[in-house]
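Colleague: Got a structure for you, questions after.
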Amino acid sequence: MKKKALVCGAGGFIGGHLVSRLKKEGYWVRSTDLKENEYGNNGADEMILGDLRNPELAAAVVTSDLDEIYQLAADMGGAGFVFTGEHDAAIMHNSATINLNVLEEAKNKKIPKIFYSSSACMYPEYNQLDPDNPTCSEDSAYPAAPDSEYGWEKLFSERLFLSYQRNHGIQVRIARFHNIFGPMGTWTGGREKAPAAVCRKVAETPDGGIIEIWGDGRQTRSFLIVDECVEGIRRLMNSNFSGPVNIGSEEMITINDFAKMVIGISGKKLSIKNIPGPTGVRGRNSDNTLIKEKLNWAPTQPLKNGVKKTYIWITEQLKVSNKRHSIIH
Ligand code: NAD
Ligand code: GDD
């Protein structure tokens, strides 16, 4: 018998990659999202379009024959979306409602196991003030002080999932993702994260030009290629460990050095201009001690490999989009 999985948020970036992976592993997969995945349905056996804020949709997609649910649907974006404050109410309302609806149906239908995608944004700001020495170990989550409402919602929902595990016996698996990037991720439109935004800026700027980077460029992050994120999700789901556990890279880099890396890959000569913008925490890096201990695994791919693939993919997207634009005008 094939295992049956539901992927919520399959029209999005990580959800889309996860569907492909589950299909390769021989699963029967139902996808659901507000929208189709613009790069194809990744071989899902069923795609149900709808709004998971609506409890009736949640009741329709969560059927009692499912073995596993992967809950990735959320109102989500990079610094330009989550750190401006403009979308706080929508982010909290939409994502919390989705989680409440999906979990309640998982309980009603007695689904054995559910995965939840939390975020490194739930870690306290006070541990991420020094760009060279941020602390993001799982046990540093409390006293809680995330710097965004997006992070507070993730923390609330982690607790929600764990309370359903305690009171209703659903097996829960929670990962805290650290800035996941790669082909088929959002690369334009305002929700894109730094890796895609910087690749796009470099790709669209002529040789000799200038790219703009938000902040002083000394803020640090680590970025994880999506293949390794999906590998981590599957390993966590197959383990006996509930989490929460970091799924991220430990290869920390300043944003300006990241921009220099992309410029190097492009072969162009470009300069960087640091401008004011939403910056989020000063420093962030994954701490992979716990994942190594519990799953005997951690991501290993060098950042540069993933950035090369992503830069090439975004260059192709720009060509397609420019071609479309020139046909319309
Ligand atoms: P994404 O935006 O590409 O995917 C999320 C999907 O959820 C979208 O396709 C969106 O249409 C869908 N969605 C939103 N509201 C919905 C609703 N009401 N009903 C049905 N579907 C709805 O984002 P992603 O990068 O693939 O992230 C997946 C998950 O991982 C999210 O929960 C996100 O918060 C979390 N996460 C991602 C990162 C990252 O770096 N990508 C980091 C931390 C956490
Ligand atoms: N998005 C973006 N676009 N960021 C830029 C840009 C740009 O053009 N230029 C510089 N940056 C800087 C941001 O100011 C920020 O300091 C840093 O690059 C990283 O930005 P993002 O990649 O957008 O977001 P983040 O790392 O602060 O947070 C993201 O990752 C979390 C998980 O680690 C967000 O996507 C969160 O939603 C997510 O949970």
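Residues in the structure tokens are named by chain (A, B, ... in the order shown) and by number from 1 within that chain; ligands are numbered from 1 in the order shown.
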I need the alpha helix (DSSP H) residues of stretch 86-149 of chain A per DSSP on the backbone, written as a list in words.
Modeller: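 Matching residues, listed in order: Asp88, Ala89, Ala90, Ile91, Met92, His93, Asn94, Ser95, Ala96, Thr97, Ile98, Asn99, Leu100, Asn101, Val102, Leu103, Glu104, Glu105, Ala106, Lys107, Asn108 and Glu149 of chain A.
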Colleague: So that I can check the surroundings of stretch 308-315 of chain A, please list as a PyMOL selection string every protein, DNA and RNA residue that reaches within 6 Å of it, counting only C-alpha atoms and ignoring chain neighbours fewer than 6 positions away.
Modeller: chain A and resi 182-183+199+203
Colleague: May I ask for the distance between atom CA of A:Val102 and atom CA of A:Phe156, given in Å to one decimal place?
Modeller: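 Computed distance, atom CA of A:Val102 to atom CA of A:Phe156, equals 14.9 Å.
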Colleague: List every residue of stretch 65-277 of chain A that DSSP, applied to the backbone of this structure, assigns to strand (DSSP E or B), and report them as a PDB file with N, CA and C atoms, in the first residue's frame.
Modeller:
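Result file follows (out-v3.pdb):
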ATOM      1  N   GLU A  68       0.011  10.984   6.585  1.00  0.00           N
ATOM      2  CA  GLU A  68       0.830  12.113   7.032  1.00  0.00           C
ATOM      3  C   GLU A  68       0.300  13.422   6.455  1.00  0.00           C
ATOM      4  N   ILE A  69       0.462  14.500   7.230  1.00  0.00           N
ATOM      5  CA  ILE A  69       0.178  15.851   6.715  1.00  0.00           C
ATOM      6  C   ILE A  69       1.444  16.689   6.881  1.00  0.00           C
ATOM      7  N   TYR A  70       1.721  17.486   5.847  1.00  0.00           N
ATOM      8  CA  TYR A  70       2.824  18.446   5.902  1.00  0.00           C
ATOM      9  C   TYR A  70       2.193  19.832   5.823  1.00  0.00           C
ATOM     10  N   GLN A  71       2.271  20.611   6.913  1.00  0.00           N
ATOM     11  CA  GLN A  71       1.597  21.909   6.976  1.00  0.00           C
ATOM     12  C   GLN A  71       2.613  23.025   6.718  1.00  0.00           C
ATOM     13  N   LYS A 113       0.224  11.462  11.934  1.00  0.00           N
ATOM     14  CA  LYS A 113       1.439  12.275  12.035  1.00  0.00           C
ATOM     15  C   LYS A 113       1.328  13.565  11.230  1.00  0.00           C
ATOM     16  N   ILE A 114       1.819  14.659  11.812  1.00  0.00           N
ATOM     17  CA  ILE A 114       1.762  15.947  11.105  1.00  0.00           C
ATOM     18  C   ILE A 114       3.065  16.716  11.279  1.00  0.00           C
ATOM     19  N   PHE A 115       3.528  17.311  10.160  1.00  0.00           N
ATOM     20  CA  PHE A 115       4.738  18.145  10.167  1.00  0.00           C
ATOM     21  C   PHE A 115       4.342  19.603  10.149  1.00  0.00           C
ATOM     22  N   TYR A 116       5.027  20.423  10.943  1.00  0.00           N
ATOM     23  CA  TYR A 116       4.781  21.864  10.936  1.00  0.00           C
ATOM     24  C   TYR A 116       6.072  22.636  10.657  1.00  0.00           C
ATOM     25  N   SER A 117       5.968  23.604   9.748  1.00  0.00           N
ATOM     26  CA  SER A 117       7.131  24.426   9.362  1.00  0.00           C
ATOM     27  C   SER A 117       7.156  25.710  10.180  1.00  0.00           C
ATOM     28  N   SER A 118       7.977  25.716  11.230  1.00  0.00           N
ATOM     29  CA  SER A 118       8.204  26.933  11.992  1.00  0.00           C
ATOM     30  C   SER A 118       9.404  27.666  11.391  1.00  0.00           C
ATOM     31  N   SER A 119       9.836  28.710  12.095  1.00  0.00           N
ATOM     32  CA  SER A 119      10.889  29.553  11.516  1.00  0.00           C
ATOM     33  C   SER A 119      11.887  30.007  12.569  1.00  0.00           C
ATOM     34  N   GLN A 171       1.037  12.528  16.416  1.00  0.00           N
ATOM     35  CA  GLN A 171       2.490  12.672  16.395  1.00  0.00           C
ATOM     36  C   GLN A 171       2.841  13.942  15.639  1.00  0.00           C
ATOM     37  N   VAL A 172       3.583  14.830  16.294  1.00  0.00           N
ATOM     38  CA  VAL A 172       3.924  16.118  15.693  1.00  0.00           C
ATOM     39  C   VAL A 172       5.429  16.186  15.437  1.00  0.00           C
ATOM     40  N   ARG A 173       5.797  16.781  14.315  1.00  0.00           N
ATOM     41  CA  ARG A 173       7.217  17.031  14.002  1.00  0.00           C
ATOM     42  C   ARG A 173       7.353  18.495  13.622  1.00  0.00           C
ATOM     43  N   ILE A 174       8.237  19.215  14.313  1.00  0.00           N
ATOM     44  CA  ILE A 174       8.367  20.654  14.064  1.00  0.00           C
ATOM     45  C   ILE A 174       9.801  21.010  13.692  1.00  0.00           C
ATOM     46  N   ALA A 175       9.943  21.726  12.558  1.00  0.00           N
ATOM     47  CA  ALA A 175      11.271  22.235  12.166  1.00  0.00           C
ATOM     48  C   ALA A 175      11.237  23.753  12.179  1.00  0.00           C
ATOM     49  N   ARG A 176      12.372  24.341  12.575  1.00  0.00           N
ATOM     50  CA  ARG A 176      12.548  25.783  12.473  1.00  0.00           C
ATOM     51  C   ARG A 176      13.475  26.043  11.298  1.00  0.00           C
ATOM     52  N   PHE A 177      12.906  26.472  10.172  1.00  0.00           N
ATOM     53  CA  PHE A 177      13.708  26.702   8.968  1.00  0.00           C
ATOM     54  C   PHE A 177      14.509  27.998   9.094  1.00  0.00           C
ATOM     55  N   ILE A 180      15.522  29.513   3.627  1.00  0.00           N
ATOM     56  CA  ILE A 180      15.643  28.479   2.598  1.00  0.00           C
ATOM     57  C   ILE A 180      15.581  29.147   1.218  1.00  0.00           C
ATOM     58  N   PHE A 181      16.448  28.737   0.304  1.00  0.00           N
ATOM     59  CA  PHE A 181      16.465  29.366  -1.023  1.00  0.00           C
ATOM     60  C   PHE A 181      16.691  28.303  -2.090  1.00  0.00           C
ATOM     61  N   ILE A 210      25.581  49.324 -10.500  1.00  0.00           N
ATOM     62  CA  ILE A 210      25.537  49.328  -9.019  1.00  0.00           C
ATOM     63  C   ILE A 210      24.314  48.534  -8.571  1.00  0.00           C
ATOM     64  N   ILE A 211      24.453  47.684  -7.537  1.00  0.00           N
ATOM     65  CA  ILE A 211      23.267  47.060  -6.945  1.00  0.00           C
ATOM     66  C   ILE A 211      23.047  47.610  -5.534  1.00  0.00           C
ATOM     67  N   GLU A 212      21.773  47.723  -5.176  1.00  0.00           N
ATOM     68  CA  GLU A 212      21.432  48.263  -3.857  1.00  0.00           C
ATOM     69  C   GLU A 212      21.156  47.119  -2.884  1.00  0.00           C
ATOM     70  N   ILE A 213      21.763  47.240  -1.702  1.00  0.00           N
ATOM     71  CA  ILE A 213      21.598  46.233  -0.634  1.00  0.00           C
ATOM     72  C   ILE A 213      21.079  46.958   0.603  1.00  0.00           C
ATOM     73  N   TRP A 214      20.008  46.426   1.197  1.00  0.00           N
ATOM     74  CA  TRP A 214      19.406  47.077   2.371  1.00  0.00           C
ATOM     75  C   TRP A 214      20.318  46.947   3.595  1.00  0.00           C
ATOM     76  N   THR A 220      24.330  39.515   9.377  1.00  0.00           N
ATOM     77  CA  THR A 220      24.688  38.157   8.943  1.00  0.00           C
ATOM     78  C   THR A 220      23.455  37.252   8.879  1.00  0.00           C
ATOM     79  N   ARG A 221      23.579  36.241   8.027  1.00  0.00           N
ATOM     80  CA  ARG A 221      22.548  35.209   7.895  1.00  0.00           C
ATOM     81  C   ARG A 221      23.238  33.906   7.456  1.00  0.00           C
ATOM     82  N   LEU A 224      20.010  28.142   3.354  1.00  0.00           N
ATOM     83  CA  LEU A 224      20.043  26.688   3.084  1.00  0.00           C
ATOM     84  C   LEU A 224      19.333  26.373   1.772  1.00  0.00           C
ATOM     85  N   ILE A 225      20.004  25.599   0.925  1.00  0.00           N
ATOM     86  CA  ILE A 225      19.407  25.200  -0.349  1.00  0.00           C
ATOM     87  C   ILE A 225      18.218  24.257  -0.082  1.00  0.00           C
ATOM     88  N   VAL A 245      13.260  21.563  15.951  1.00  0.00           N
ATOM     89  CA  VAL A 245      14.676  21.440  15.620  1.00  0.00           C
ATOM     90  C   VAL A 245      15.009  22.362  14.446  1.00  0.00           C
ATOM     91  N   ASN A 246      16.196  22.970  14.514  1.00  0.00           N
ATOM     92  CA  ASN A 246      16.640  23.832  13.411  1.00  0.00           C
ATOM     93  C   ASN A 246      16.875  23.015  12.156  1.00  0.00           C
ATOM     94  N   ILE A 247      16.390  23.494  11.022  1.00  0.00           N
ATOM     95  CA  ILE A 247      16.840  22.974   9.726  1.00  0.00           C
ATOM     96  C   ILE A 247      17.423  24.185   9.006  1.00  0.00           C
ATOM     97  N   ILE A 253      27.240  34.254   6.779  1.00  0.00           N
ATOM     98  CA  ILE A 253      27.898  35.202   5.865  1.00  0.00           C
ATOM     99  C   ILE A 253      27.256  36.582   6.038  1.00  0.00           C
ATOM    100  N   THR A 254      28.021  37.658   5.851  1.00  0.00           N
ATOM    101  CA  THR A 254      27.386  38.985   5.865  1.00  0.00           C
ATOM    102  C   THR A 254      26.639  39.154   4.543  1.00  0.00           C
ATOM    103  N   SER A 271      29.311  47.301  -8.421  1.00  0.00           N
ATOM    104  CA  SER A 271      29.568  47.773  -7.055  1.00  0.00           C
ATOM    105  C   SER A 271      28.289  47.735  -6.231  1.00  0.00           C
ATOM    106  N   ILE A 272      28.509  47.761  -4.905  1.00  0.00           N
ATOM    107  CA  ILE A 272      27.391  47.626  -3.958  1.00  0.00           C
ATOM    108  C   ILE A 272      27.126  48.973  -3.303  1.00  0.00           C
ATOM    109  N   LYS A 273      25.831  49.353  -3.265  1.00  0.00           N
ATOM    110  CA  LYS A 273      25.466  50.573  -2.537  1.00  0.00           C
ATOM    111  C   LYS A 273      24.527  50.158  -1.406  1.00  0.00           C
ATOM    112  N   ASN A 274      24.910  50.405  -0.173  1.00  0.00           N
ATOM    113  CA  ASN A 274      24.048  50.072   0.969  1.00  0.00           C
ATOM    114  C   ASN A 274      23.055  51.195   1.198  1.00  0.00           C
ATOM    115  N   ILE A 275      21.786  50.830   1.253  1.00  0.00           N
ATOM    116  CA  ILE A 275      20.718  51.832   1.398  1.00  0.00           C
ATOM    117  C   ILE A 275      19.811  51.445   2.582  1.00  0.00           C
TER     118      ILE A 275
END
Colleague: Please extract the residues at most 8 Å from ligand 1, counting only C-alpha atoms and all ligand atoms, and provide them as a ChimeraX atom specification, using the chain letters and residue numbers of this document.
Modeller: /A:8-16,32-37,49-54,71-78,94-95,98,116-121,154,176-181,185-186,191,193,223
Colleague: Go ahead and compute the interatomic distance for atom CA of A:Glu158 and atom CA of A:Asn296, in Å to one decimal.
Modeller: 23.0 Å
Colleague: Measure the distance from atom CA of A:Tyr27 to atom CA of A:Glu231 in Å and round it to one decimal.
Modeller: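 Computing the Euclidean distance for atom CA of A:Tyr27 and atom CA of A:Glu231 yields 15.2 Å.
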Colleague: With distances taken over only C-alpha atoms, which residue among A:Val198, A:Ala59, A:Cys136, A:Val19 lies nearest A:Asn41?
Modeller: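 Distance minimum relative to A:Asn41 lands on A:Val19.
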Colleague: Let me make sure I understand: among A:Ala79, A:Leu103, A:Ala144, A:Val320, which one has the smallest atom-to-atom distance to ligand 2 if we use only C-alpha atoms and all ligand atoms?
Modeller: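 Answer, going by the shortest atom-to-atom distance: A:Ala79.
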Colleague: In terms of the shortest atom-to-atom distance over only C-alpha atoms and all ligand atoms, which of A:Gln219, A:Ser326, A:Ser140, A:Asn99 is closest to ligand 2?
Modeller: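 For ligand 2, the nearest of the given residues is A:Gln219.
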Colleague: With only C-alpha atoms and all ligand atoms as the basis for distance, which of A:Leu318, A:Leu100, A:Val281, A:Ala106 is at the shortest distance from ligand 2?
Modeller: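 Looking only at the distances to ligand 2, the closest residue turns out to be A:Val281.
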Colleague: Using only C-alpha atoms, which protein or nucleic acid residues come within 10 Å of A:Gly232? Drop anything in the same chain fewer than 2 positions from it, and give the result as a VMD selection string.
Modeller: chain A and resid 175 177 226 to 230 234 to 238 245 to 248 291 295 297 to 299
Colleague: Select, from A:Glu104, A:Asn133, A:Ser20, A:Asn240, the residue with the minimum atom-to-atom distance to A:Lys294, counting only C-alpha atoms.
Modeller: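 Distance minimum relative to A:Lys294 lands on A:Asn240.
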Colleague: Identify which of the residues A:Gly217, A:Gly264, A:Gly306, A:Gly43 lies closest to ligand 2, counting only C-alpha atoms and all ligand atoms when measuring atom-to-atom distances.
Modeller: A:Gly217
